[in-house]
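Novice: So here's entry_35.cif, just mmCIF, C-alpha atoms:
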data_final
#
loop_
_atom_site.label_atom_id
_atom_site.label_comp_id
_atom_site.auth_asym_id
_atom_site.auth_seq_id
_atom_site.Cartn_x
_atom_site.Cartn_y
_atom_site.Cartn_z
CA MET A 1 -43.42 0.81 3.79
CA ASP A 2 -41.96 -2.39 5.17
CA PRO A 3 -41.76 -4.75 2.16
CA ARG A 4 -43.11 -7.55 4.36
CA ILE A 5 -46.51 -5.81 4.34
CA SER A 6 -46.65 -6.16 0.56
CA ARG A 7 -45.44 -9.76 0.83
CA TRP A 8 -48.15 -10.39 3.44
CA ALA A 9 -50.91 -9.00 1.19
CA LYS A 10 -49.77 -11.01 -1.82
CA THR A 11 -49.74 -14.20 0.28
CA LEU A 12 -53.22 -13.53 1.71
CA VAL A 13 -54.77 -12.84 -1.70
CA ASN A 14 -52.97 -15.37 -3.87
CA TYR A 15 -52.17 -18.25 -1.50
CA CYS A 16 -54.69 -18.07 1.36
CA LEU A 17 -57.77 -16.96 -0.59
CA SER A 18 -56.67 -17.78 -4.14
CA VAL A 19 -58.79 -14.91 -5.44
CA GLN A 20 -60.07 -15.48 -8.99
CA PRO A 21 -61.30 -12.94 -11.55
CA GLY A 22 -64.83 -11.77 -10.80
CA GLU A 23 -64.85 -12.93 -7.15
CA THR A 24 -66.07 -10.62 -4.39
CA VAL A 25 -63.70 -10.25 -1.43
CA LEU A 26 -64.93 -8.88 1.92
CA ILE A 27 -62.07 -7.21 3.85
CA SER A 28 -62.90 -6.35 7.46
CA ALA A 29 -60.42 -4.59 9.73
CA GLY A 30 -59.90 -1.69 12.11
CA PRO A 31 -58.49 1.67 10.96
CA VAL A 32 -55.02 0.99 12.38
CA ALA A 33 -54.55 -1.82 9.84
CA GLU A 34 -54.82 0.59 6.88
CA PRO A 35 -51.34 -0.25 5.47
CA LEU A 36 -52.24 -3.94 5.13
CA VAL A 37 -55.83 -3.24 4.02
CA ALA A 38 -54.58 -0.96 1.25
CA GLU A 39 -52.11 -3.55 -0.03
CA VAL A 40 -54.73 -6.33 0.11
CA TYR A 41 -57.15 -4.06 -1.79
CA ARG A 42 -54.48 -3.51 -4.44
CA GLU A 43 -53.70 -7.24 -4.75
CA VAL A 44 -57.39 -8.16 -5.07
CA LEU A 45 -57.67 -5.73 -7.98
CA ARG A 46 -54.58 -7.23 -9.58
CA ALA A 47 -56.15 -10.68 -9.25
CA GLY A 48 -59.27 -9.47 -11.05
CA GLY A 49 -61.48 -9.54 -7.94
CA HIS A 50 -63.86 -7.01 -6.43
CA PRO A 51 -62.66 -5.81 -2.98
CA ILE A 52 -65.35 -4.82 -0.46
CA PRO A 53 -63.68 -3.11 2.53
CA ARG A 54 -65.59 -2.93 5.80
CA ILE A 55 -63.85 -0.84 8.46
CA ASN A 56 -64.80 -1.78 12.03
CA LEU A 57 -64.88 0.68 14.93
CA SER A 58 -64.69 -1.02 18.33
CA SER A 59 -66.14 2.10 19.96
CA LEU A 60 -69.45 1.47 18.17
CA THR A 61 -69.54 -2.13 19.38
CA GLU A 62 -69.04 -0.90 22.94
CA ILE A 63 -71.83 1.68 22.62
CA LEU A 64 -74.24 -0.95 21.30
CA LEU A 65 -73.43 -3.45 24.05
CA ARG A 66 -73.74 -0.84 26.79
CA GLU A 67 -76.75 1.13 25.59
CA GLY A 68 -78.74 -1.04 23.19
CA ASN A 69 -81.89 -2.86 24.30
CA ASP A 70 -82.25 -6.61 23.82
CA GLU A 71 -83.93 -6.19 20.44
CA GLN A 72 -81.11 -3.94 19.22
CA LEU A 73 -78.46 -6.35 20.51
CA ALA A 74 -80.07 -9.17 18.54
CA TYR A 75 -80.54 -7.15 15.32
CA ILE A 76 -78.56 -8.36 12.31
CA ASP A 77 -77.45 -5.80 9.75
CA PRO A 78 -79.00 -6.94 6.43
CA SER A 79 -75.77 -6.13 4.61
CA LEU A 80 -73.94 -8.63 6.84
CA ARG A 81 -76.49 -11.31 5.96
CA LEU A 82 -76.13 -10.53 2.26
CA LEU A 83 -72.34 -10.78 2.47
CA ALA A 84 -72.56 -14.04 4.42
CA GLU A 85 -74.80 -15.47 1.71
CA GLN A 86 -72.98 -14.16 -1.36
CA ALA A 87 -69.33 -13.14 -0.77
CA ASN A 88 -66.87 -15.47 -2.49
CA CYS A 89 -63.99 -14.66 -0.11
CA ARG A 90 -63.82 -13.25 3.40
CA LEU A 91 -60.72 -11.80 5.06
CA HIS A 92 -60.77 -10.58 8.65
CA ILE A 93 -57.78 -8.63 9.94
CA SER A 94 -57.85 -8.45 13.74
CA SER A 95 -56.50 -5.02 14.63
CA GLU A 96 -57.67 -3.94 18.07
CA THR A 97 -56.03 -0.95 19.73
CA ASN A 98 -57.43 -2.01 23.12
CA THR A 99 -58.09 -5.71 23.69
CA ARG A 100 -59.78 -5.02 27.03
CA TYR A 101 -62.42 -2.53 25.88
CA LEU A 102 -65.26 -4.95 26.69
CA THR A 103 -63.93 -5.96 30.11
CA ASN A 104 -66.64 -4.10 32.03
CA VAL A 105 -69.47 -4.89 29.64
CA ASP A 106 -71.94 -7.43 31.02
CA PRO A 107 -71.08 -10.84 29.48
CA ALA A 108 -74.80 -11.65 29.41
CA ARG A 109 -75.33 -8.77 26.98
CA GLN A 110 -72.40 -9.97 24.88
CA ALA A 111 -74.03 -13.41 24.81
CA ILE A 112 -77.27 -11.96 23.38
CA ALA A 113 -75.35 -10.44 20.47
CA ALA A 114 -73.32 -13.62 19.97
CA ARG A 115 -76.44 -15.81 19.83
CA ALA A 116 -77.93 -13.49 17.21
CA MET A 117 -74.82 -13.89 15.05
CA ARG A 118 -75.08 -17.68 15.22
CA GLU A 119 -77.29 -17.78 12.12
CA LEU A 120 -74.68 -15.93 10.07
CA GLY A 121 -72.02 -18.27 11.42
CA ARG A 122 -74.12 -21.24 10.33
CA ILE A 123 -74.49 -19.84 6.81
CA ARG A 124 -70.74 -19.23 6.54
CA SER A 125 -69.85 -22.66 7.90
CA GLN A 126 -72.16 -24.40 5.45
CA ARG A 127 -70.91 -22.37 2.49
CA SER A 128 -67.31 -22.97 3.51
CA ALA A 129 -67.86 -26.71 3.88
CA ALA A 130 -69.50 -26.76 0.44
CA GLY A 131 -66.58 -24.88 -1.11
CA GLU A 132 -68.73 -21.83 -1.85
CA GLU A 133 -66.78 -19.41 0.33
CA LYS A 134 -63.06 -19.04 1.05
CA TRP A 135 -62.05 -17.32 4.26
CA CYS A 136 -58.96 -16.30 6.17
CA GLY A 137 -58.19 -14.50 9.42
CA THR A 138 -54.96 -12.74 10.35
CA LEU A 139 -53.74 -10.27 12.98
CA TYR A 140 -52.15 -6.89 12.39
CA PRO A 141 -49.57 -5.99 15.07
CA THR A 142 -50.79 -3.17 17.32
CA GLN A 143 -49.66 -1.71 20.62
CA ALA A 144 -52.52 -3.55 22.36
CA TYR A 145 -51.45 -6.99 21.15
CA ALA A 146 -47.82 -6.18 21.92
CA GLN A 147 -48.74 -5.20 25.46
CA ASP A 148 -50.74 -8.40 25.97
CA ALA A 149 -47.67 -10.32 24.79
CA ASP A 150 -45.34 -8.38 27.15
CA MET A 151 -43.34 -7.09 24.16
CA SER A 152 -42.48 -3.78 22.58
CA LEU A 153 -44.33 -3.06 19.35
CA ALA A 154 -41.12 -3.50 17.35
CA ASP A 155 -40.42 -6.89 18.96
CA PHE A 156 -44.03 -7.97 18.44
CA GLN A 157 -43.92 -7.00 14.76
CA GLU A 158 -40.86 -9.19 14.30
CA PHE A 159 -42.61 -12.00 16.18
CA VAL A 160 -45.59 -11.76 13.79
CA TYR A 161 -43.46 -11.65 10.64
CA GLU A 162 -41.42 -14.66 11.74
CA ALA A 163 -44.47 -16.73 12.73
CA CYS A 164 -46.08 -15.97 9.35
CA PHE A 165 -42.90 -16.82 7.38
CA LEU A 166 -42.91 -13.26 6.03
CA ASN A 167 -39.15 -12.93 6.41
CA SER A 168 -38.90 -15.48 3.60
CA ASP A 169 -38.86 -14.29 -0.01
CA GLU A 170 -41.52 -16.91 -0.79
CA PRO A 171 -43.84 -17.25 2.24
CA ALA A 172 -46.37 -19.34 0.29
CA GLU A 173 -43.77 -22.02 -0.42
CA ARG A 174 -42.92 -22.23 3.27
CA TRP A 175 -46.60 -22.78 4.03
CA ARG A 176 -46.90 -25.43 1.32
CA GLU A 177 -43.94 -27.24 2.89
CA LEU A 178 -45.58 -27.19 6.32
CA GLY A 179 -48.82 -28.40 4.73
CA ARG A 180 -47.05 -31.39 3.22
CA GLU A 181 -45.58 -32.29 6.62
CA GLN A 182 -48.96 -32.02 8.34
CA GLN A 183 -50.67 -34.13 5.70
CA PHE A 184 -48.72 -37.11 7.02
CA TYR A 185 -50.51 -36.81 10.36
CA VAL A 186 -53.90 -36.15 8.77
CA ASP A 187 -53.51 -39.33 6.69
CA TRP A 188 -52.21 -41.38 9.62
CA LEU A 189 -55.21 -40.40 11.75
CA VAL A 190 -57.75 -41.72 9.21
CA GLY A 191 -59.73 -44.56 10.74
CA LYS A 192 -58.43 -44.01 14.27
CA ASP A 193 -60.76 -44.00 17.25
CA LYS A 194 -59.52 -43.48 20.80
CA VAL A 195 -57.48 -40.48 21.99
CA HIS A 196 -56.05 -40.37 25.50
CA VAL A 197 -54.40 -37.20 26.86
CA VAL A 198 -52.30 -37.43 30.03
CA GLY A 199 -50.48 -34.59 31.78
CA PRO A 200 -50.42 -32.47 34.93
CA ASP A 201 -53.97 -32.42 36.30
CA THR A 202 -55.06 -33.97 32.99
CA ASP A 203 -56.48 -37.39 32.19
CA LEU A 204 -58.89 -37.11 29.28
CA ARG A 205 -60.33 -39.57 26.77
CA LEU A 206 -62.33 -38.89 23.62
CA SER A 207 -63.29 -40.53 20.34
CA ILE A 208 -62.48 -39.38 16.81
CA ALA A 209 -64.20 -42.36 15.16
CA GLY A 210 -65.64 -41.42 11.79
CA ARG A 211 -64.30 -37.89 12.02
CA THR A 212 -61.96 -36.13 9.58
CA PHE A 213 -58.83 -34.19 10.50
CA ARG A 214 -58.22 -31.00 8.56
CA ASN A 215 -54.79 -29.70 7.57
CA SER A 216 -54.54 -26.04 8.58
CA ASP A 217 -51.64 -24.80 6.46
CA GLY A 218 -52.06 -21.03 6.58
CA LYS A 219 -54.92 -20.73 4.13
CA ARG A 220 -57.58 -19.98 6.75
CA ASN A 221 -55.71 -18.89 9.83
CA PHE A 222 -52.62 -16.83 9.09
CA PRO A 223 -50.38 -17.84 10.74
CA SER A 224 -51.44 -21.41 11.20
CA GLY A 225 -49.80 -24.77 11.75
CA GLU A 226 -52.26 -27.26 13.25
CA PHE A 227 -54.42 -30.22 12.33
CA PHE A 228 -57.89 -30.45 13.86
CA THR A 229 -61.14 -32.37 13.98
CA GLY A 230 -64.48 -32.43 15.77
CA PRO A 231 -64.57 -35.24 18.36
CA VAL A 232 -67.61 -37.45 18.85
CA GLU A 233 -69.83 -35.17 20.89
CA ASP A 234 -70.72 -37.47 23.81
CA SER A 235 -67.32 -39.20 23.99
CA VAL A 236 -65.27 -36.75 26.04
CA GLU A 237 -64.59 -38.08 29.55
CA GLY A 238 -62.25 -36.99 32.32
CA THR A 239 -60.37 -33.86 33.30
CA ILE A 240 -58.05 -31.43 31.54
CA ARG A 241 -56.11 -28.33 32.58
CA PHE A 242 -55.49 -25.42 30.19
CA THR A 243 -52.51 -23.46 31.48
CA ILE A 244 -51.91 -20.89 28.72
CA PRO A 245 -53.91 -17.73 29.55
CA THR A 246 -55.95 -15.91 26.93
CA VAL A 247 -58.03 -12.77 26.48
CA VAL A 248 -61.59 -13.34 25.21
CA ASN A 249 -63.93 -10.41 24.57
CA GLY A 250 -61.77 -8.27 26.82
CA HIS A 251 -61.71 -10.80 29.67
CA LEU A 252 -58.47 -12.36 30.89
CA VAL A 253 -59.01 -16.05 31.66
CA GLN A 254 -56.24 -18.13 33.24
CA ASP A 255 -55.66 -21.70 34.41
CA VAL A 256 -58.94 -23.33 33.35
CA ARG A 257 -59.76 -26.83 34.62
CA LEU A 258 -62.67 -28.72 33.09
CA THR A 259 -64.31 -32.02 33.99
CA PHE A 260 -66.38 -33.87 31.37
CA GLU A 261 -69.00 -36.59 31.64
CA CYS A 262 -70.63 -38.04 28.53
CA GLY A 263 -69.12 -35.20 26.51
CA LYS A 264 -70.50 -32.39 28.67
CA VAL A 265 -68.66 -30.00 30.99
CA VAL A 266 -69.94 -30.77 34.48
CA GLU A 267 -67.36 -28.78 36.42
CA ALA A 268 -65.38 -25.71 35.37
CA LYS A 269 -62.85 -23.72 37.38
CA ALA A 270 -60.61 -20.80 36.45
CA ALA A 271 -57.95 -19.10 38.56
CA THR A 272 -58.89 -15.82 36.81
CA GLY A 273 -62.15 -15.12 34.99
CA GLN A 274 -64.46 -17.58 36.74
CA GLN A 275 -67.61 -15.48 36.30
CA PHE A 276 -66.94 -14.98 32.60
CA LEU A 277 -66.26 -18.70 32.13
CA ASP A 278 -69.54 -19.59 33.86
CA GLN A 279 -71.54 -17.19 31.72
CA MET A 280 -70.00 -18.43 28.47
CA LEU A 281 -70.86 -22.02 29.41
CA GLU A 282 -74.49 -20.95 29.80
CA MET A 283 -74.61 -19.26 26.40
CA ASP A 284 -76.61 -22.10 24.83
CA GLU A 285 -77.04 -25.86 24.92
CA GLY A 286 -73.94 -26.58 22.84
CA ALA A 287 -71.54 -24.40 24.83
CA ARG A 288 -70.66 -27.18 27.29
CA PHE A 289 -69.67 -29.66 24.56
CA VAL A 290 -66.41 -29.86 22.62
CA GLY A 291 -66.50 -28.73 19.00
CA GLU A 292 -62.81 -29.13 18.17
CA PHE A 293 -59.75 -31.16 19.15
CA ALA A 294 -56.42 -30.15 17.59
CA VAL A 295 -52.65 -30.44 17.72
CA GLY A 296 -50.51 -27.29 17.45
CA ASN A 297 -47.65 -27.73 14.99
CA ASN A 298 -46.04 -24.33 14.41
CA PHE A 299 -42.71 -24.72 16.17
CA GLY A 300 -41.83 -21.15 15.20
CA ILE A 301 -44.35 -20.00 17.83
CA THR A 302 -42.67 -20.88 21.10
CA ARG A 303 -44.63 -18.91 23.71
CA GLY A 304 -48.12 -17.72 24.48
CA ILE A 305 -49.07 -14.11 23.75
CA ARG A 306 -52.63 -14.15 25.15
CA ASN A 307 -54.08 -14.38 21.66
CA ILE A 308 -55.81 -17.56 20.51
CA LEU A 309 -54.90 -17.15 16.82
CA TYR A 310 -51.25 -17.61 17.74
CA ASP A 311 -51.36 -19.57 21.00
CA GLU A 312 -53.38 -22.48 19.65
CA LYS A 313 -50.68 -23.10 17.01
CA ILE A 314 -47.76 -23.45 19.46
CA GLY A 315 -45.84 -26.56 18.44
CA GLY A 316 -46.19 -29.38 20.97
CA THR A 317 -49.50 -28.25 22.48
CA ILE A 318 -53.06 -29.44 22.00
CA HIS A 319 -56.21 -27.38 22.15
CA MET A 320 -59.91 -27.99 22.45
CA ALA A 321 -62.73 -25.62 21.60
CA LEU A 322 -65.91 -25.49 23.60
CA GLY A 323 -68.91 -24.89 21.39
CA ASN A 324 -69.42 -24.89 17.65
CA SER A 325 -67.91 -27.59 15.42
CA TYR A 326 -66.60 -27.25 11.87
CA PRO A 327 -69.00 -29.30 9.69
CA GLU A 328 -66.20 -30.35 7.32
CA THR A 329 -64.65 -32.41 10.14
CA GLY A 330 -67.87 -34.32 10.74
CA GLY A 331 -68.49 -32.41 13.96
CA LYS A 332 -72.15 -31.90 14.80
CA ASN A 333 -72.13 -29.59 17.81
CA VAL A 334 -73.89 -26.27 17.26
CA SER A 335 -73.32 -23.22 19.44
CA ALA A 336 -72.80 -19.46 19.28
CA LEU A 337 -69.60 -20.13 21.24
CA HIS A 338 -66.29 -21.33 19.82
CA TRP A 339 -63.65 -20.89 22.52
CA ASP A 340 -60.25 -22.49 22.00
CA MET A 341 -58.33 -23.43 25.15
CA ILE A 342 -54.69 -24.52 25.04
CA CYS A 343 -53.15 -27.39 27.01
CA ASP A 344 -49.34 -27.14 27.15
CA LEU A 345 -47.77 -30.62 27.06
CA ARG A 346 -44.19 -29.45 26.61
CA GLU A 347 -41.53 -30.42 29.11
CA PRO A 348 -41.00 -26.99 30.69
CA ALA A 349 -44.71 -26.92 31.53
CA GLY A 350 -44.65 -30.38 33.13
CA GLY A 351 -44.82 -32.55 30.04
CA GLY A 352 -47.51 -34.96 28.96
CA GLU A 353 -48.52 -37.55 26.39
CA VAL A 354 -51.15 -38.10 23.74
CA TYR A 355 -51.98 -41.67 22.75
CA VAL A 356 -54.03 -42.58 19.67
CA ASP A 357 -55.44 -46.12 19.75
CA GLY A 358 -52.65 -46.98 22.19
CA THR A 359 -49.81 -45.56 20.04
CA LEU A 360 -47.72 -42.78 21.60
CA PHE A 361 -48.39 -39.82 19.29
CA LEU A 362 -47.02 -36.85 21.24
CA LYS A 363 -44.70 -36.78 24.25
CA ASP A 364 -43.46 -33.72 26.16
CA GLY A 365 -44.31 -31.47 23.23
CA LYS A 366 -42.61 -33.63 20.62
CA LEU A 367 -44.37 -35.51 17.83
CA MET A 368 -43.28 -39.14 17.91
CA LEU A 369 -44.21 -40.08 14.33
CA GLY A 370 -43.57 -38.86 10.80
CA PRO A 371 -41.54 -35.92 9.46
CA ASN A 372 -41.53 -34.00 12.77
CA ALA A 373 -40.61 -37.00 14.96
CA LYS A 374 -38.09 -35.97 17.59
#
Can you give me the file's structure in the form of structure tokens?

Specialist:
Amino acid sequence: MDPRISRWAKTLVNYCLSVQPGETVLISAGPVAEPLVAEVYREVLRAGGHPIPRINLSSLTEILLREGNDEQLAYIDPSLRLLAEQANCRLHISSETNTRYLTNVDPARQAIAARAMRELGRIRSQRSAAGEEKWCGTLYPTQAYAQDADMSLADFQEFVYEACFLNSDEPAERWRELGREQQFYVDWLVGKDKVHVVGPDTDLRLSIAGRTFRNSDGKRNFPSGEFFTGPVEDSVEGTIRFTIPTVVNGHLVQDVRLTFECGKVVEAKAATGQQFLDQMLEMDEGARFVGEFAVGNNFGITRGIRNILYDEKIGGTIHMALGNSYPETGGKNVSALHWDMICDLREPAGGGEVYVDGTLFLKDGKLMLGPNAK
């Protein structure tokens, strides 16, 4: 076995989740991720925890969405509710072997299932904000993700290991170092108010007054490298263009342009995936409002791979999520949707600037302040 798998598991259990004796640890993944699941299981035992593996089969999800009635789509497995209410730690390992398996499933049916899961999401968010649950998400390299990224599987594996610092003998220390760098920006942003984003087809303003930025240093998303907040819900005004394509629930969506008034999306266009975009915006009342504003700060991720976990961390980009906010940031928007969209402000993509209370914060993909100032 590649020793980086063992290194990965140790980092997830001991750094990301900090599993303590007696804690229950939910591990959800697809069958293809068995090598990592097995090592995580072993490390949880070594830490004195109680691993609870839950193996997901995407074929069953497809059957339910195609053949289930509305009541069945909205049904919540009681064991999932129990785990949401009681698990001390939650690890999700994305491991799809076909990222497009839901492409031809009616998005309206997907929305029914997503709305039903909103209650579990609310429970998890509240427990996480209260420090009652630790969680982390990572991605196991599969042929499907490699194909989306236009890479061979071998090249994609190396891409993943490098982005996660797993080629280092001590990945956790590399993440702590990045966390210390990002804390400078989190501290600097305390008490700030106005954010202005300018770029190609982009002129957007929003308020972060009274909101808290969070330092994402690999403990929740793995890899990570961003700092994020929930903007004041009715403050977003103007237009923004998201040029990095992504795949969401099997749907390829490219070149999204949004117009906001009083915080709400009033116009939405996509070069690819317009129907899916429209249906997601109609998911519920909160779907047209912004739940997250963030700056990507992992300069080891230099290109998009059509996967939000990685693409939103690209150093020199910003991203915004339509839908649900993270309560720990002070965000108040509630939705079954949380869809991150990435705006590339780097020079090859046309460049752009971010101003915070009139101070130039980011220019052409380069942070202008602090330890990462270029």

Novice: Report the residues retrieved by the PyMOL selection byres ((chain A and resi 267-280) around 8) from the displayed file, expressed as a list in words.

Specialist: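 On this input, the PyMOL selection byres ((chain A and resi 267-280) around 8) captures Pro107, Ala108, Ala111, His251, Leu252, Val253, Gln254, Asp255, Val256, Arg257, Leu258, Thr259, Phe260, Val265, Val266, Leu281, Glu282, Met283, Ala287 and Leu337 of chain A.
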
Novice: Quick one: of A:Gln126, A:Ala349, A:Ser335, A:Tyr355, who's nearest to Met368 (chain A), counting only C-alpha atoms?

Specialist: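 Using only C-alpha atoms, Met368 (chain A) sits closest to A:Tyr355.
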
Novice: Could you state which residues are captured by the PyMOL selection byres ((chain A and resi 114) around 10) in this file, as a PyMOL selection string?

Specialist: chain A and resi 73-74+108-113+115-119+121+283+335-337

Novice: Report the distance between CA of Asp203 (chain A) and CA of Ile308 (chain A) in Å, rounded to one decimal place.

Specialist: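 Spanning CA of Asp203 (chain A) to CA of Ile308 (chain A) is a straight-line distance of 23.0 Å.
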
Novice: Set out as a Markdown table a contact list for region 78-182 of chain A and region 210-224 of chain A with a cut-off of 6 Å, giving each residue of region 78-182 of chain A that qualifies its closest atom pair and distance in Å to one decimal, counting all atoms listed in the file, ordered by chain and rising residue number.

Specialist:
| residue | atom | partner | partner_atom | distance |
| --- | --- | --- | --- | --- |
| A:Trp135 | CA | A:Arg220 | CA | 5.8 |
| A:Cys136 | CA | A:Arg220 | CA | 4.0 |
| A:Gly137 | CA | A:Asn221 | CA | 5.1 |
| A:Thr138 | CA | A:Phe222 | CA | 4.9 |
| A:Cys164 | CA | A:Pro223 | CA | 4.9 |
| A:Trp175 | CA | A:Asp217 | CA | 5.9 |
| A:Gly179 | CA | A:Asp217 | CA | 4.9 |

Novice: So that I can see what lies close to Glu170 (chain A), please list as a list of chain:residue names the residues with an atom at most 10 Å from it, counting only C-alpha atoms and leaving out residues fewer than 5 positions away in the same chain.

Specialist: A:Arg7, A:Thr11, A:Phe165, A:Trp175

Novice: Pick the closest to Phe184 (chain A) from A:Phe227, A:Ile314, A:Val236, A:Ala321: which is it, counting all atoms listed in the file?

Specialist: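 Smallest distance to Phe184 (chain A) is found for A:Phe227.
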
Novice: Mind checking which residues fall within 12 Å of Ser79 (chain A), counting all atoms listed in the file, ignoring those fewer than 3 positions away in the same chain, and posting them as a count of residues only?

Specialist: 12

Novice: Since the input is missing atoms for region 295-315 of chain A, could you rebuild it with N, CA and C atoms and give the result as a PDB file, in the coordinates of the input?

Specialist:
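Saved result, rebuild_12.pdb, follows:
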ATOM      1  N   VAL A 295     -54.059 -30.400  17.334  1.00  0.00           N
ATOM      2  CA  VAL A 295     -52.650 -30.440  17.720  1.00  0.00           C
ATOM      3  C   VAL A 295     -51.946 -29.241  17.099  1.00  0.00           C
ATOM      4  N   GLY A 296     -51.282 -28.425  17.942  1.00  0.00           N
ATOM      5  CA  GLY A 296     -50.510 -27.290  17.450  1.00  0.00           C
ATOM      6  C   GLY A 296     -49.184 -27.761  16.873  1.00  0.00           C
ATOM      7  N   ASN A 297     -48.813 -27.206  15.702  1.00  0.00           N
ATOM      8  CA  ASN A 297     -47.650 -27.730  14.990  1.00  0.00           C
ATOM      9  C   ASN A 297     -46.779 -26.636  14.391  1.00  0.00           C
ATOM     10  N   ASN A 298     -46.908 -25.404  14.882  1.00  0.00           N
ATOM     11  CA  ASN A 298     -46.040 -24.330  14.410  1.00  0.00           C
ATOM     12  C   ASN A 298     -44.938 -24.137  15.447  1.00  0.00           C
ATOM     13  N   PHE A 299     -43.791 -24.765  15.205  1.00  0.00           N
ATOM     14  CA  PHE A 299     -42.710 -24.720  16.170  1.00  0.00           C
ATOM     15  C   PHE A 299     -41.936 -23.411  16.100  1.00  0.00           C
ATOM     16  N   GLY A 300     -42.363 -22.501  15.210  1.00  0.00           N
ATOM     17  CA  GLY A 300     -41.830 -21.150  15.200  1.00  0.00           C
ATOM     18  C   GLY A 300     -42.511 -20.261  16.228  1.00  0.00           C
ATOM     19  N   ILE A 301     -43.665 -20.710  16.752  1.00  0.00           N
ATOM     20  CA  ILE A 301     -44.350 -20.000  17.830  1.00  0.00           C
ATOM     21  C   ILE A 301     -44.024 -20.756  19.112  1.00  0.00           C
ATOM     22  N   THR A 302     -43.224 -20.162  19.955  1.00  0.00           N
ATOM     23  CA  THR A 302     -42.670 -20.880  21.100  1.00  0.00           C
ATOM     24  C   THR A 302     -43.258 -20.456  22.436  1.00  0.00           C
ATOM     25  N   ARG A 303     -44.089 -19.425  22.448  1.00  0.00           N
ATOM     26  CA  ARG A 303     -44.630 -18.910  23.710  1.00  0.00           C
ATOM     27  C   ARG A 303     -46.013 -18.335  23.487  1.00  0.00           C
ATOM     28  N   GLY A 304     -46.797 -18.298  24.554  1.00  0.00           N
ATOM     29  CA  GLY A 304     -48.120 -17.720  24.480  1.00  0.00           C
ATOM     30  C   GLY A 304     -48.061 -16.205  24.493  1.00  0.00           C
ATOM     31  N   ILE A 305     -49.004 -15.571  23.787  1.00  0.00           N
ATOM     32  CA  ILE A 305     -49.070 -14.110  23.750  1.00  0.00           C
ATOM     33  C   ILE A 305     -50.460 -13.609  24.142  1.00  0.00           C
ATOM     34  N   ARG A 306     -51.255 -14.479  24.749  1.00  0.00           N
ATOM     35  CA  ARG A 306     -52.630 -14.150  25.150  1.00  0.00           C
ATOM     36  C   ARG A 306     -53.502 -13.819  23.940  1.00  0.00           C
ATOM     37  N   ASN A 307     -53.260 -14.532  22.860  1.00  0.00           N
ATOM     38  CA  ASN A 307     -54.080 -14.380  21.660  1.00  0.00           C
ATOM     39  C   ASN A 307     -54.275 -15.756  21.041  1.00  0.00           C
ATOM     40  N   ILE A 308     -55.516 -16.179  20.907  1.00  0.00           N
ATOM     41  CA  ILE A 308     -55.810 -17.560  20.510  1.00  0.00           C
ATOM     42  C   ILE A 308     -55.291 -17.865  19.112  1.00  0.00           C
ATOM     43  N   LEU A 309     -55.362 -16.898  18.185  1.00  0.00           N
ATOM     44  CA  LEU A 309     -54.900 -17.150  16.820  1.00  0.00           C
ATOM     45  C   LEU A 309     -53.481 -17.702  16.815  1.00  0.00           C
ATOM     46  N   TYR A 310     -52.636 -17.160  17.663  1.00  0.00           N
ATOM     47  CA  TYR A 310     -51.250 -17.610  17.740  1.00  0.00           C
ATOM     48  C   TYR A 310     -51.083 -18.760  18.733  1.00  0.00           C
ATOM     49  N   ASP A 311     -51.656 -18.620  19.923  1.00  0.00           N
ATOM     50  CA  ASP A 311     -51.360 -19.570  21.000  1.00  0.00           C
ATOM     51  C   ASP A 311     -51.793 -20.989  20.678  1.00  0.00           C
ATOM     52  N   GLU A 312     -52.904 -21.139  19.958  1.00  0.00           N
ATOM     53  CA  GLU A 312     -53.380 -22.480  19.650  1.00  0.00           C
ATOM     54  C   GLU A 312     -52.480 -23.212  18.655  1.00  0.00           C
ATOM     55  N   LYS A 313     -51.570 -22.483  17.998  1.00  0.00           N
ATOM     56  CA  LYS A 313     -50.680 -23.100  17.010  1.00  0.00           C
ATOM     57  C   LYS A 313     -49.324 -23.497  17.597  1.00  0.00           C
ATOM     58  N   ILE A 314     -49.070 -23.175  18.864  1.00  0.00           N
ATOM     59  CA  ILE A 314     -47.760 -23.450  19.460  1.00  0.00           C
ATOM     60  C   ILE A 314     -47.407 -24.923  19.279  1.00  0.00           C
ATOM     61  N   GLY A 315     -46.260 -25.185  18.671  1.00  0.00           N
ATOM     62  CA  GLY A 315     -45.840 -26.560  18.440  1.00  0.00           C
ATOM     63  C   GLY A 315     -45.693 -27.341  19.737  1.00  0.00           C
TER      64      GLY A 315
END
